[in-house]
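Right, one structure below, let's go through it.
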Amino acid sequence: MRLPPRPVSIRRRILVAASALLLLAALLLVAFIRDYAERASDRAFDRLLAASALTIAGAVQIEGGGVTVELPLASFAMFSGEDRVFYAVDAPDGRNVTGYPDLSAGLAPAGDSDPVFADGRFGGERVRIATVGRLVSTAGGTGWVTIRVAETAVERAALAAEIRNRALLPVAAMTLLALALLWFGIGRAFAPLNVLEAHLRGREPDQLAPIDLPVPQEVRQLVLALNGFMGRLASARERLEGLVADAAHQVRTPLASLRAQAEMARGERDAALLRAQVARIHDGAVQASDLVSQLLMDATITHRLEVRPSEPTSLAQIVDEVIGRLDPASEDRVALDIAPELMGIGIGSDRVALREMLRNLVDNALRYSDGAVLITAAAIGEQLEIDVLDRGPGVPDEEKEAVFERFRRGTTSGGRHGSGLGLAIVRRVAQAQGGEVRLEDRAGGGLRVRLALPLRAAPVPARPARAPGLATVVLVLAALLLASPALARTATAYPAPDGSQTTRLSILGATDTALFSALVRGFQETRPDVSVDYVEDETRPIFEELVAGRTPVPDLVMSSASDLQVKLVNDGFARRLSPPHAVLLPEWAQWRSSVFGVSFEPAVIVYNPDLVSPAEVPRTHLALAELLETEGPRFAGRIATYDVARSGVGYMLASQDAAISSYFWRLASAFGRVGARVSGASPEILDRIESGEIAIGYNVLGSYAFARQAAGARIGIAVPDDYVLVLSRSLLVPRDARRADLAESFVDFAFSPAGQRILAGPAALGSVVAGTEGPWTAERITALGRGAVQPIALGPSLLVGLDRQRRDRFLETWREIVSPESAGRAMVAP
């Protein structure tokens, strides 16, 4: 006889396993503490070193053409203890400006503004050295000033030992205490669960009432979760039972009638009678189908009203969706009489429920009348009254309340099909939104259905009312109203190469359509089933549109204003992506796996060769300022640059210029003296240079200039020899994108080898991935100039320039120096 297995003690098992784990964890924790103490000490002191070096870097100045620095009082204030501190400041040519000249021995000069740390020996002791760079521009060129700060390691080692020793004693004490608590606590921990188990086992299967037992706080969350689940289960069961009961009661008769008519039709030999029978069968099937659809929609509305979505909905959204779902013949019968300012008013938070409410009213009006149906709206106090008027038979006064009951129809409905659920749905939705619905007789005959709904905030743009039968015209007008006031946005459709129309990708970008089309065509070669809709606009309107939450939300956004793209990511408007080819991008061209730079575009100086000879072309920022200062009358009104107040990329380039160049405000002052003209886009500046209206354009995007020159335009391009700013056109996928999967595929294609070859070739936007083949690679573009190449890195540092007060001060200074007359002289077509 086989003996049953011996019962196992859960307490003993838990105690043995927990004891072993605790001892193992204690050993691992000791090793971790030793490592953590050293790393924590290094991080703490490294931050102090970096702060000291950056403080000194901020004091670097250019005086008399040379580098000078006056050490701030706070440079070494953060250091304390017995450590010795050394420092050195070296000019771009390697000459020591101040400090300890030997500190830089064997170390590479700075090539970036980010801190770099190294260990070494100096003054007979081990030291930790922090190195930072400061990019400066002088008459002799542009280069990096190297700032180094070093500290001995005495205090660093002392802090590590203190952290280690203070952490080990609590670890030992907590291990012993945990073993004791395990023994006494395990038994009591299971008691509440035993009580709960007994209670649940004693329940009947259909008993879904909440559990009402005194339980400890630790088990209370479990009980609340069970109660919530049973409540949802009971609600779902009630809805299911109601739907089944209604369907069984209401569908039985139509189905029985269909069956009887079908059986009669099977034996009918007369063709005319058979067609009549088939027509009746079709009418019965339509009636049954409408009934089932209404039953399902009734259940859907009930569920949505319980969930209560929070998205605001405007009257324009509801009206457009209802009329847009009508067939052309019915659409021509519906007329709107709604003031444009009312279309943006919010009327609720559930778009689907509100749409079905209005759709049922419009369908009833179209079904029971042969004439036109009118929809009007008026704001009365804190309510919006929406009227749906028809010239049908109306509803008798004694039935005006009864027809709102489920499956109840009026006596004037005649032989027209109907489920009797439409008005019931209307009333339920209206009441859920805090409003009401009334039936009234219409003067001259017919019915007026009045919806009174409370006004609610809806941050959606107001749109003009659409007239029946003019859908195409209205779409064009809406696009014009939403366009930028300075530059009308353009839309281009790229049909799927395989002819399918089901998969669409929408892209909103600030890249010239002619250049961007090459990238779209390349993507469609890999995905021939995808149609692409591209809308071109300026950088700041694109940013403002996404922040305002305007719909429809694009699937992908491409912009040259990297700072605005970074802010969108920082503020939670973008998704995280994991494109496989992201590993090819340089570190500065991506941030938080949400925004990716795909191009390499320098800010260049463009000129008209007929107006500026090659010998006098300014090759540095200082040379441009001097040229305008000495020959101001000649260039009066013939210099162009970005409108930094209107253009996102223009502001970003100007703010970066101001941070790098000590001559930026001198150049801005020269712009003011010659009455420089401003524009919101590089193509516009290039048009005026090519026509001879403008002689020199400053900070023009090199991608547009190179493409224009390759196409045969008579323009000259100078890549500055002192320093050149490089931006990367960035891509992000909005948080609410409908086809985020397609957008991520496009992003991955953009910096794949195939996509980068297009950017380095036909698109002329410049490839950012090293090793790409083509005429416009990062390596070849860099070789066009002799100065420092400064990519604008994607990251939080770009947010500084977008600070409202900082931006306002910058623009105010710009206007004062450039002068209001010049800053406001935008380039317009003659």
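Chain lettering (A, B, ...) mirrors the order of the structure tokens, residue numbering begins at 1 for each chain separately, and ligand numbering begins at 1 in order of display.
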
**Item:** Contact residues around Gln207 of chain A with only C-alpha atoms at 12 Å, ignoring same-chain residues under 3 positions, as a ChimeraX atom specification
**Value:** /A:199-204,210-211,227,230-231,233-234

**Message:** I need the residues of segment 640-683 of chain A that end up classed as strand (DSSP E or B) by DSSP on the backbone, written out as a VMD selection string.
**Reply:** chain A and resid 640 to 642 677 to 679

Create the file for the chosen residues now, containing C-alpha atoms and written as a PDB file, in the first residue's frame.
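Wrote it out as result11.pdb, contents follow:
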```
ATOM      1  CA  ALA A 640      18.735  88.608 -45.737  1.00  0.00           C
ATOM      2  CA  THR A 641      18.546  86.246 -42.781  1.00  0.00           C
ATOM      3  CA  TYR A 642      15.954  84.378 -40.772  1.00  0.00           C
ATOM      4  CA  ARG A 677      15.456  91.769 -44.616  1.00  0.00           C
ATOM      5  CA  VAL A 678      14.068  88.776 -42.731  1.00  0.00           C
ATOM      6  CA  SER A 679      12.262  85.646 -43.856  1.00  0.00           C
TER       7      SER A 679
END
```

**Item:** Pick from A:Arg815, A:Ala740, A:Val733, A:Ala718, whichever lies nearest to Ala676 of chain A using only C-alpha atoms
**Value:**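 Among the listed residues, A:Arg815 lies closest to Ala676 of chain A.
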
**Request:** Just the residues within 7 Å of Ile715 of chain A, please, counting only C-alpha atoms, with nothing from its chain fewer than 5 positions along; format it as number ranges by chain.
**Result:** A: 606-609, 690, 709

**Among the residues A:Ala108, A:Val319, A:Ala77, A:Ala432, the one that comes closest to Asp350 of chain A [using only C-alpha atoms]** = A:Ala432

**Item:** 9 Å contact set for segment 581-585 of chain A, only C-alpha atoms, chain neighbours under 3 positions out, as a list in words
**Value:**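 In the requested form, the answer reads Ser578, Trp588, Ala589, Gln590, Ser593, Phe596, Gly597, Val598, Asp748, Phe749, Phe751, Ser752, Pro753, Val768, Val769 and Ala770 of chain A.
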
**Request:** List every residue of segment 458-648 of chain A that DSSP, applied to the backbone of this structure, assigns to helix (DSSP H, G or I), and report them as JSON, numbers by chain.
**Result:** {"A": [471, 472, 473, 474, 475, 476, 477, 478, 479, 480, 481, 482, 513, 514, 515, 516, 517, 518, 519, 520, 521, 522, 523, 524, 525, 526, 539, 540, 541, 542, 543, 544, 545, 546, 547, 548, 562, 563, 564, 565, 566, 567, 568, 569, 570, 580, 581, 582, 583, 584, 587, 588, 589, 614, 615, 616, 621, 622, 623, 624, 625, 626, 627, 628, 629, 630, 633, 634, 635, 648]}

**Asked** Which is closest to Gly675 of chain A among A:Leu628, A:Val553, A:Ala17, A:Val719, if we use only C-alpha atoms?
**Response**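 Closest to Gly675 of chain A of all the choices is A:Leu628.
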
**Asked** Distance atom CA of Ala788 of chain A-atom CA of Gly141 of chain A, one decimal place?
**Response**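 Pair atom CA of Ala788 of chain A / atom CA of Gly141 of chain A returns 9.1 Å.
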
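In terms of minimum interatomic distance to Gln656 of chain A, A:Phe810 ranks closest within A:Tyr534, A:Phe573, A:Phe810, A:Phe516, counting only C-alpha atoms.
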
**Request:** Could you check how far atom CA of Val535 of chain A sits from atom CA of Ser655 of chain A, in Å to one decimal?
**Result:**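 Here the two named atoms are 27.8 Å from each other.
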
**Request:** Could you jot down the atom CA of Leu54 of chain A to atom CA of Ile163 of chain A separation for me, Å, one decimal place?
**Result:**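 Those two atoms sit 27.8 Å apart.
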
List as a compact mmCIF listing (two decimals) with N, CA and C atoms, in the first residue's frame the protein and nucleic acid residues near Val595 of chain A, meaning an atom at most 8 Å away when only C-alpha atoms are counted, but skip any in the same chain fewer than 4 places from it.
```
# COMPACT_ATOMS: atom_id res chain seq x y z
N GLN A 565 11.58 70.38 -31.29
CA GLN A 565 11.34 68.94 -31.25
C GLN A 565 11.71 68.36 -29.89
N VAL A 566 12.84 68.82 -29.33
CA VAL A 566 13.26 68.35 -28.01
C VAL A 566 12.22 68.74 -26.96
N VAL A 569 9.33 66.39 -26.98
CA VAL A 569 9.67 65.15 -26.29
C VAL A 569 9.68 65.37 -24.79
N GLN A 590 20.40 61.88 -31.27
CA GLN A 590 19.23 61.20 -30.74
C GLN A 590 19.12 61.48 -29.24
N TRP A 591 17.88 61.45 -28.75
CA TRP A 591 17.65 61.73 -27.33
C TRP A 591 16.41 60.98 -26.87
N SER A 730 15.10 66.56 -37.60
CA SER A 730 14.76 65.50 -36.65
C SER A 730 13.35 64.97 -36.89
N LEU A 731 13.17 63.71 -36.51
CA LEU A 731 11.91 63.00 -36.66
C LEU A 731 11.41 62.57 -35.29
N LEU A 732 10.10 62.68 -35.07
CA LEU A 732 9.47 62.12 -33.88
C LEU A 732 8.07 61.64 -34.23
N LEU A 794 21.02 67.09 -29.90
CA LEU A 794 19.68 66.92 -29.37
C LEU A 794 19.78 66.57 -27.89
```
